[in-house]
Amino acid sequence: MLLIKNAQIFSPKFIGRKDIFVCNGKIVCIDENLNPNLPNLKVIEASKFIATPGLIDKHVHITGGGGEGGFKTRVPEIMLSKFIEAGITTAVGLLGTDSATRSVENLVAKANALNDEGITCYAHTGAYNVQTPTITGDIQKDIVFVDKIIGIKLAISDHRSSSVSKNELARIVSAGRVAGMISSKSGHTTLHMGDGKKGLGLVYEALEEFDIPITFFQPTHVNRNENLFNEAVKFLKDGGYIDLTCKNHLSPLEAIKRIKSQGLSTDRITVSSDGYGSFSSYDADGKLLEIGVASVRALFEEFLSLVNDGFGLEEALVFFTTNVANSIAIADKKGKISIGYDADLLLFDENLGLEYVIAKGEILKDENGFIKKGTYEY
């Protein structure tokens, strides 16, 4: 049991200075002057702290991405402390270019490990290839029967993808949608968007011919070039979700400011890190010129960049909390400081220095320098 006293709470909406009582990993009471007389109660005096929901990162290569430059460029698995240092209490793991030396089985095992170690982690079935790798041999069965799998990963408009057709795209997205209905999960498809000239054109072809709601197509990396970003703004106008990637051609901050300047709703904009995936560039012949690794810490840095630019905490937080939770159908338990929700909480000092990270009611980082390590971290 945990009692957080006198924190300024942004849920993300500011609800004042209150106490938060946590039991069995859930927020059970938010009120003033709570003083339960209970044994083994941990109390944090938080009068100097700001409380927010933990950040949600919907795009992390938890088993490592990369590999485009040969075996030596395969990125290693992420460790628990990297999430904690970034204030991320919930993540979605997925595969990337390499589904030959990586597998969905390995992905789900890593998601289970991270859940056991302290945060919440979900996963996607599929990868770049239209011959989507699965555990059960079937997309729908993966989502329905594998607890941690909530959606599908697929790549389009990218020279590394398998040039999926309109019909194949519709089949895959529809399968996810039906599986989500059966299992009470999101069932959406995360669409890796490359720099290909077709952009979101294939998605619109599928939408025009097939009766699939636009929200089940969720393109990411849409801020990687100007043409794709402009298409993504139209997609947002049409009711879709768009996911902005940290440290891209157009920063999430600048992308959000441009969208706001057009008077558009920002409720369906999310930001993700692409953490532990590779960033790479190629020449006209497709030869690899550069490769590097993205950091999950970038998500936290993008949040701070919005606040430092003048966004209020209420407005900045939604792109990393409630909007994300809504997009992947976990908004009944994640993304808010509210009674009945998972106790995923961050405590900041007045300068937005991250002092405490609490996930599922467990303190994973404190103001004295403690950071919980994963099983094999040293």
# chains A, B, ... in the order shown; residues from 1 in each chain; ligands from 1
$ closest_atom_pairs --of "stretch 73-191 of chain A" --to "stretch 20-34 of chain A" --cutoff "12 Å" --atoms "only C-alpha atoms" --output "JSON lines"
{"residue": "A:Gly118", "atom": "CA", "partner": "A:Gly25", "partner_atom": "CA", "distance": 10.8}
{"residue": "A:Ile119", "atom": "CA", "partner": "A:Gly25", "partner_atom": "CA", "distance": 11.2}
{"residue": "A:Thr120", "atom": "CA", "partner": "A:Gly25", "partner_atom": "CA", "distance": 11.6}
$ closest_atom_pairs --of "stretch 261-358 of chain A" --to "stretch 82-93 of chain A" --cutoff "9 Å" --atoms "only C-alpha atoms" --output "JSON lines"
{"residue": "A:Ser295", "atom": "CA", "partner": "A:Lys82", "partner_atom": "CA", "distance": 8.6}
{"residue": "A:Val296", "atom": "CA", "partner": "A:Ala86", "partner_atom": "CA", "distance": 6.6}
{"residue": "A:Arg297", "atom": "CA", "partner": "A:Ala86", "partner_atom": "CA", "distance": 4.8}
{"residue": "A:Ala298", "atom": "CA", "partner": "A:Ala86", "partner_atom": "CA", "distance": 7.8}
{"residue": "A:Leu299", "atom": "CA", "partner": "A:Ala86", "partner_atom": "CA", "distance": 7.1}
{"residue": "A:Phe300", "atom": "CA", "partner": "A:Ala86", "partner_atom": "CA", "distance": 5.4}
{"residue": "A:Glu301", "atom": "CA", "partner": "A:Ala86", "partner_atom": "CA", "distance": 8.3}
{"residue": "A:Lys334", "atom": "CA", "partner": "A:Thr90", "partner_atom": "CA", "distance": 8.2}
{"residue": "A:Asp344", "atom": "CA", "partner": "A:Thr89", "partner_atom": "CA", "distance": 6.2}
{"residue": "A:Leu345", "atom": "CA", "partner": "A:Thr89", "partner_atom": "CA", "distance": 8.0}
{"residue": "A:Leu346", "atom": "CA", "partner": "A:Gly87", "partner_atom": "CA", "distance": 6.8}
{"residue": "A:Leu354", "atom": "CA", "partner": "A:Gly87", "partner_atom": "CA", "distance": 7.6}
{"residue": "A:Tyr356", "atom": "CA", "partner": "A:Gly87", "partner_atom": "CA", "distance": 8.6}
{"residue": "A:Val357", "atom": "CA", "partner": "A:Gly87", "partner_atom": "CA", "distance": 6.3}
{"residue": "A:Ile358", "atom": "CA", "partner": "A:Thr89", "partner_atom": "CA", "distance": 7.7}
$ residues_around --residues "A:Gly176" --least-positions-apart "5" --cutoff "7 Å" --atoms "only C-alpha atoms" --output "list in words"
Ile139, Gln140, Gly151, Ile152, Gly187, His188 and Thr189 of chain A
$ write_last_selection --atoms "C-alpha atoms" --output "PDB file, in the first residue's frame"
ATOM      1  CA  ILE A 139      -3.474 -13.142 -37.010  1.00  0.00           C
ATOM      2  CA  GLN A 140      -6.886 -13.395 -35.411  1.00  0.00           C
ATOM      3  CA  GLY A 151      -2.704  -5.483 -32.517  1.00  0.00           C
ATOM      4  CA  ILE A 152      -0.736  -5.965 -35.746  1.00  0.00           C
ATOM      5  CA  GLY A 187      -7.101  -4.958 -32.827  1.00  0.00           C
ATOM      6  CA  HIS A 188      -5.642  -1.979 -34.716  1.00  0.00           C
ATOM      7  CA  THR A 189      -2.821  -2.217 -37.242  1.00  0.00           C
TER       8      THR A 189
END
$ select_by_dssp --residues "stretch 102-182 of chain A" --states "strand (DSSP E or B)" --output "PDB file with N, CA, C and O atoms, in the first residue's frame"
ATOM      1  N   THR A 120       4.083  -2.253 -17.486  1.00  0.00           N
ATOM      2  CA  THR A 120       3.095  -2.959 -18.293  1.00  0.00           C
ATOM      3  C   THR A 120       3.574  -2.955 -19.733  1.00  0.00           C
ATOM      4  O   THR A 120       3.967  -1.909 -20.263  1.00  0.00           O
ATOM      5  N   CYS A 121       3.575  -4.115 -20.372  1.00  0.00           N
ATOM      6  CA  CYS A 121       4.035  -4.196 -21.754  1.00  0.00           C
ATOM      7  C   CYS A 121       3.105  -5.086 -22.567  1.00  0.00           C
ATOM      8  O   CYS A 121       2.799  -6.220 -22.171  1.00  0.00           O
ATOM      9  N   TYR A 122       2.653  -4.554 -23.686  1.00  0.00           N
ATOM     10  CA  TYR A 122       1.851  -5.300 -24.657  1.00  0.00           C
ATOM     11  C   TYR A 122       2.715  -5.593 -25.879  1.00  0.00           C
ATOM     12  O   TYR A 122       3.891  -5.214 -25.931  1.00  0.00           O
ATOM     13  N   ALA A 123       2.131  -6.254 -26.888  1.00  0.00           N
ATOM     14  CA  ALA A 123       2.893  -6.602 -28.086  1.00  0.00           C
ATOM     15  C   ALA A 123       1.984  -6.632 -29.299  1.00  0.00           C
ATOM     16  O   ALA A 123       0.749  -6.668 -29.181  1.00  0.00           O
ATOM     17  N   HIS A 124       2.622  -6.586 -30.476  1.00  0.00           N
ATOM     18  CA  HIS A 124       1.928  -6.757 -31.751  1.00  0.00           C
ATOM     19  C   HIS A 124       2.385  -8.051 -32.403  1.00  0.00           C
ATOM     20  O   HIS A 124       3.564  -8.437 -32.294  1.00  0.00           O
ATOM     21  N   THR A 125       1.480  -8.686 -33.108  1.00  0.00           N
ATOM     22  CA  THR A 125       1.863  -9.746 -34.027  1.00  0.00           C
ATOM     23  C   THR A 125       2.233  -9.092 -35.353  1.00  0.00           C
ATOM     24  O   THR A 125       1.955  -7.923 -35.581  1.00  0.00           O
ATOM     25  N   GLY A 126       2.916  -9.858 -36.226  1.00  0.00           N
ATOM     26  CA  GLY A 126       3.291  -9.306 -37.521  1.00  0.00           C
ATOM     27  C   GLY A 126       4.616  -8.570 -37.501  1.00  0.00           C
ATOM     28  O   GLY A 126       5.270  -8.428 -36.474  1.00  0.00           O
ATOM     29  N   ILE A 149      -0.822  -9.771 -26.829  1.00  0.00           N
ATOM     30  CA  ILE A 149      -0.929  -9.245 -28.192  1.00  0.00           C
ATOM     31  C   ILE A 149      -2.231  -8.468 -28.356  1.00  0.00           C
ATOM     32  O   ILE A 149      -3.321  -9.016 -28.163  1.00  0.00           O
ATOM     33  N   ILE A 150      -2.109  -7.185 -28.731  1.00  0.00           N
ATOM     34  CA  ILE A 150      -3.300  -6.322 -28.852  1.00  0.00           C
ATOM     35  C   ILE A 150      -3.518  -5.820 -30.267  1.00  0.00           C
ATOM     36  O   ILE A 150      -4.556  -5.228 -30.563  1.00  0.00           O
ATOM     37  N   GLY A 151      -2.558  -6.013 -31.166  1.00  0.00           N
ATOM     38  CA  GLY A 151      -2.704  -5.483 -32.517  1.00  0.00           C
ATOM     39  C   GLY A 151      -1.703  -6.097 -33.471  1.00  0.00           C
ATOM     40  O   GLY A 151      -1.065  -7.115 -33.176  1.00  0.00           O
ATOM     41  N   ILE A 152      -1.540  -5.444 -34.637  1.00  0.00           N
ATOM     42  CA  ILE A 152      -0.736  -5.965 -35.746  1.00  0.00           C
ATOM     43  C   ILE A 152       0.279  -4.914 -36.177  1.00  0.00           C
ATOM     44  O   ILE A 152      -0.002  -3.717 -36.137  1.00  0.00           O
ATOM     45  N   LYS A 153       1.442  -5.357 -36.619  1.00  0.00           N
ATOM     46  CA  LYS A 153       2.448  -4.480 -37.225  1.00  0.00           C
ATOM     47  C   LYS A 153       2.588  -4.833 -38.701  1.00  0.00           C
ATOM     48  O   LYS A 153       2.631  -6.014 -39.078  1.00  0.00           O
ATOM     49  N   LEU A 154       2.666  -3.795 -39.551  1.00  0.00           N
ATOM     50  CA  LEU A 154       2.847  -3.989 -40.990  1.00  0.00           C
ATOM     51  C   LEU A 154       3.539  -2.750 -41.543  1.00  0.00           C
ATOM     52  O   LEU A 154       3.347  -1.644 -41.029  1.00  0.00           O
ATOM     53  N   ALA A 155       4.342  -2.927 -42.584  1.00  0.00           N
ATOM     54  CA  ALA A 155       5.023  -1.806 -43.230  1.00  0.00           C
ATOM     55  C   ALA A 155       4.463  -1.572 -44.629  1.00  0.00           C
ATOM     56  O   ALA A 155       4.188  -2.525 -45.366  1.00  0.00           O
ATOM     57  N   ILE A 156       4.286  -0.292 -44.969  1.00  0.00           N
ATOM     58  CA  ILE A 156       3.891   0.081 -46.327  1.00  0.00           C
ATOM     59  C   ILE A 156       4.732   1.279 -46.771  1.00  0.00           C
ATOM     60  O   ILE A 156       5.350   1.968 -45.958  1.00  0.00           O
TER      61      ILE A 156
END
$ residues_around --residues "A:Asn106" --least-positions-apart "6" --cutoff "12 Å" --atoms "only C-alpha atoms" --output "NGL selection string"
:A and (61-64 or 77 or 93-95 or 99-100 or 112-113 or 123-125 or 133-135)
$ write_last_selection --atoms "all heavy atoms" --output "compact mmCIF listing (two decimals), in the first residue's frame"
# COMPACT_ATOMS: atom_id res chain seq x y z
N HIS A 61 10.85 -1.27 -29.95
CA HIS A 61 11.42 -2.54 -30.41
C HIS A 61 12.09 -3.21 -29.21
O HIS A 61 13.33 -3.18 -29.06
CB HIS A 61 12.41 -2.29 -31.55
CG HIS A 61 11.75 -1.74 -32.77
ND1 HIS A 61 11.22 -2.54 -33.76
CD2 HIS A 61 11.50 -0.46 -33.14
CE1 HIS A 61 10.68 -1.78 -34.70
NE2 HIS A 61 10.83 -0.51 -34.35
N ILE A 62 11.27 -3.81 -28.37
CA ILE A 62 11.75 -4.31 -27.08
C ILE A 62 12.76 -5.43 -27.21
O ILE A 62 13.59 -5.65 -26.31
CB ILE A 62 10.57 -4.74 -26.17
CG1 ILE A 62 9.72 -5.82 -26.84
CG2 ILE A 62 9.73 -3.54 -25.78
CD1 ILE A 62 8.63 -6.39 -25.93
N THR A 63 12.73 -6.18 -28.32
CA THR A 63 13.73 -7.22 -28.55
C THR A 63 14.86 -6.72 -29.45
O THR A 63 15.72 -7.50 -29.86
CB THR A 63 13.10 -8.48 -29.17
OG1 THR A 63 12.39 -8.12 -30.37
CG2 THR A 63 12.15 -9.14 -28.20
N GLY A 64 14.84 -5.43 -29.74
CA GLY A 64 15.86 -4.84 -30.60
C GLY A 64 15.43 -4.83 -32.05
O GLY A 64 14.80 -5.77 -32.54
N GLU A 77 18.30 -6.28 -26.89
CA GLU A 77 17.04 -6.05 -26.17
C GLU A 77 17.15 -4.85 -25.24
O GLU A 77 18.23 -4.55 -24.71
CB GLU A 77 16.67 -7.28 -25.34
CG GLU A 77 16.28 -8.49 -26.14
CD GLU A 77 15.77 -9.63 -25.26
OE1 GLU A 77 15.80 -9.47 -24.02
OE2 GLU A 77 15.35 -10.66 -25.81
N GLY A 93 5.42 -3.44 -27.53
CA GLY A 93 6.58 -3.96 -28.24
C GLY A 93 6.18 -4.49 -29.61
O GLY A 93 5.09 -5.05 -29.79
N LEU A 94 7.08 -4.32 -30.58
CA LEU A 94 6.81 -4.82 -31.94
C LEU A 94 8.09 -5.14 -32.67
O LEU A 94 9.18 -4.76 -32.25
CB LEU A 94 5.97 -3.80 -32.74
CG LEU A 94 6.11 -2.30 -32.46
CD1 LEU A 94 7.48 -1.80 -32.82
CD2 LEU A 94 5.05 -1.52 -33.17
N LEU A 95 7.94 -5.87 -33.77
CA LEU A 95 9.08 -6.21 -34.62
C LEU A 95 9.27 -5.14 -35.68
O LEU A 95 8.39 -4.30 -35.90
CB LEU A 95 8.85 -7.57 -35.29
CG LEU A 95 8.76 -8.78 -34.36
CD1 LEU A 95 8.47 -10.05 -35.17
CD2 LEU A 95 10.04 -8.95 -33.54
N SER A 99 12.31 -9.98 -39.44
CA SER A 99 11.49 -11.03 -38.83
C SER A 99 12.05 -12.41 -39.19
O SER A 99 11.36 -13.43 -39.05
CB SER A 99 10.03 -10.92 -39.29
OG SER A 99 9.92 -10.97 -40.70
N ALA A 100 13.31 -12.42 -39.64
CA ALA A 100 13.99 -13.68 -39.93
C ALA A 100 14.75 -14.15 -38.69
O ALA A 100 14.66 -15.32 -38.30
CB ALA A 100 14.96 -13.52 -41.10
N ASN A 112 6.37 -10.32 -21.60
CA ASN A 112 6.06 -10.96 -20.32
C ASN A 112 7.14 -10.66 -19.27
O ASN A 112 6.83 -10.43 -18.10
CB ASN A 112 5.91 -12.47 -20.51
CG ASN A 112 4.56 -12.87 -21.07
OD1 ASN A 112 3.54 -12.32 -20.71
ND2 ASN A 112 4.56 -13.82 -22.00
N ALA A 113 8.39 -10.68 -19.70
CA ALA A 113 9.50 -10.39 -18.77
C ALA A 113 9.38 -8.97 -18.22
O ALA A 113 9.54 -8.75 -17.01
CB ALA A 113 10.83 -10.58 -19.48
N ALA A 123 2.13 -6.25 -26.89
CA ALA A 123 2.89 -6.60 -28.09
C ALA A 123 1.98 -6.63 -29.30
O ALA A 123 0.75 -6.67 -29.18
CB ALA A 123 3.58 -7.96 -27.91
N HIS A 124 2.62 -6.59 -30.48
CA HIS A 124 1.93 -6.76 -31.75
C HIS A 124 2.38 -8.05 -32.40
O HIS A 124 3.56 -8.44 -32.29
CB HIS A 124 2.26 -5.62 -32.71
CG HIS A 124 1.49 -4.36 -32.46
ND1 HIS A 124 0.48 -4.25 -31.53
CD2 HIS A 124 1.59 -3.12 -33.02
CE1 HIS A 124 -0.01 -3.03 -31.53
NE2 HIS A 124 0.66 -2.32 -32.42
N THR A 125 1.48 -8.69 -33.11
CA THR A 125 1.86 -9.75 -34.03
C THR A 125 2.23 -9.09 -35.35
O THR A 125 1.96 -7.92 -35.58
CB THR A 125 0.72 -10.76 -34.20
OG1 THR A 125 1.21 -11.93 -34.88
CG2 THR A 125 -0.46 -10.20 -34.97
N PRO A 133 4.42 -12.72 -39.67
CA PRO A 133 4.81 -13.76 -38.71
C PRO A 133 3.85 -13.76 -37.52
O PRO A 133 3.44 -12.71 -37.04
CB PRO A 133 6.21 -13.34 -38.28
CG PRO A 133 6.27 -11.87 -38.53
CD PRO A 133 5.40 -11.63 -39.73
N THR A 134 3.48 -14.94 -37.08
CA THR A 134 2.54 -15.09 -35.96
C THR A 134 3.03 -16.21 -35.05
O THR A 134 3.98 -16.91 -35.36
CB THR A 134 1.13 -15.44 -36.46
OG1 THR A 134 1.17 -16.72 -37.11
CG2 THR A 134 0.58 -14.40 -37.43
N ILE A 135 2.32 -16.39 -33.94
CA ILE A 135 2.59 -17.51 -33.04
C ILE A 135 1.71 -18.70 -33.38
O ILE A 135 2.17 -19.83 -33.48
CB ILE A 135 2.39 -17.09 -31.57
CG1 ILE A 135 3.48 -16.10 -31.15
CG2 ILE A 135 2.42 -18.32 -30.65
CD1 ILE A 135 3.33 -15.57 -29.73
$ residues_around --residues "stretch 214-222 of chain A" --least-positions-apart "3" --cutoff "6 Å" --atoms "only C-alpha atoms" --output "ChimeraX atom specification"
/A:188-193,228-229,240-245
$ atom_distance --atom1 "atom CA of A:Phe49" --atom2 "atom CA of A:Lys372"
20.6 Å
$ closest_residue --among "A:Lys185, A:His159, A:Leu264, A:Leu347" --to "A:Lys365" --atoms "only C-alpha atoms"
A:Leu347
$ select_by_dssp --residues "stretch 82-216 of chain A" --states "helix (DSSP H, G or I)" --output "number ranges by chain"
A: 82-85, 104-117, 139-145, 166-183, 201-209, 214-216
$ closest_residue --among "A:Tyr276, A:Thr322, A:Leu352, A:Gly201" --to "A:Val307" --atoms "only C-alpha atoms"
A:Leu352
$ residues_around --residues "A:Leu288" --least-positions-apart "5" --cutoff "10 Å" --atoms "only C-alpha atoms" --output "short mmCIF file (atom, residue, chain, number, x, y, z; two decimals) with C-alpha atoms, in the first residue's frame"
data_model
loop_
_atom_site.label_atom_id
_atom_site.label_comp_id
_atom_site.auth_asym_id
_atom_site.auth_seq_id
_atom_site.Cartn_x
_atom_site.Cartn_y
_atom_site.Cartn_z
CA GLU A 68 19.90 -3.68 -42.15
CA GLY A 69 23.70 -3.49 -42.06
CA SER A 280 19.00 4.44 -41.32
CA SER A 281 19.59 6.26 -44.59
CA TYR A 282 20.23 4.90 -48.09
CA ASP A 283 21.52 6.14 -51.44
#
$ residues_around --residues "A:Ile15" --least-positions-apart "2" --cutoff "12 Å" --atoms "only C-alpha atoms" --output "PyMOL selection string"
chain A and resi 6-13+17-20+30-32+50-52+314+336-338
$ write_last_selection --atoms "C-alpha atoms" --output "PDB file, in the first residue's frame"
ATOM      1  CA  ASN A   6      -0.302  16.686  -0.944  1.00  0.00           C
ATOM      2  CA  ALA A   7       0.745  16.375  -4.597  1.00  0.00           C
ATOM      3  CA  GLN A   8      -0.356  18.814  -7.288  1.00  0.00           C
ATOM      4  CA  ILE A   9      -2.204  16.403  -9.554  1.00  0.00           C
ATOM      5  CA  PHE A  10      -2.462  16.666 -13.330  1.00  0.00           C
ATOM      6  CA  SER A  11      -4.657  13.762 -14.317  1.00  0.00           C
ATOM      7  CA  PRO A  12      -3.796  15.125 -17.112  1.00  0.00           C
ATOM      8  CA  LYS A  13      -6.464  17.709 -16.208  1.00  0.00           C
ATOM      9  CA  ARG A  17      -3.513  19.427  -4.484  1.00  0.00           C
ATOM     10  CA  LYS A  18      -4.665  16.078  -3.092  1.00  0.00           C
ATOM     11  CA  ASP A  19      -3.596  12.734  -1.656  1.00  0.00           C
ATOM     12  CA  ILE A  20      -3.516   9.524  -3.696  1.00  0.00           C
ATOM     13  CA  ILE A  30      -8.027  10.620  -4.375  1.00  0.00           C
ATOM     14  CA  ASP A  31      -8.960  13.197  -1.776  1.00  0.00           C
ATOM     15  CA  GLU A  32      -7.652  15.710   0.731  1.00  0.00           C
ATOM     16  CA  ILE A  50       3.714  17.418  -9.349  1.00  0.00           C
ATOM     17  CA  ALA A  51       1.922  14.095 -10.021  1.00  0.00           C
ATOM     18  CA  THR A  52       1.100  12.968 -13.563  1.00  0.00           C
ATOM     19  CA  GLU A 314      -2.601  19.476 -19.239  1.00  0.00           C
ATOM     20  CA  LYS A 336      -5.131   8.953 -16.233  1.00  0.00           C
ATOM     21  CA  ILE A 337      -4.850   9.515 -12.526  1.00  0.00           C
ATOM     22  CA  SER A 338      -8.322   8.343 -11.604  1.00  0.00           C
TER      23      SER A 338
END
$ atom_distance --atom1 "atom CA of A:His59" --atom2 "atom CA of A:Ser184"
20.6 Å
$ atom_distance --atom1 "atom CA of A:Phe71" --atom2 "atom CA of A:His249"
27.1 Å
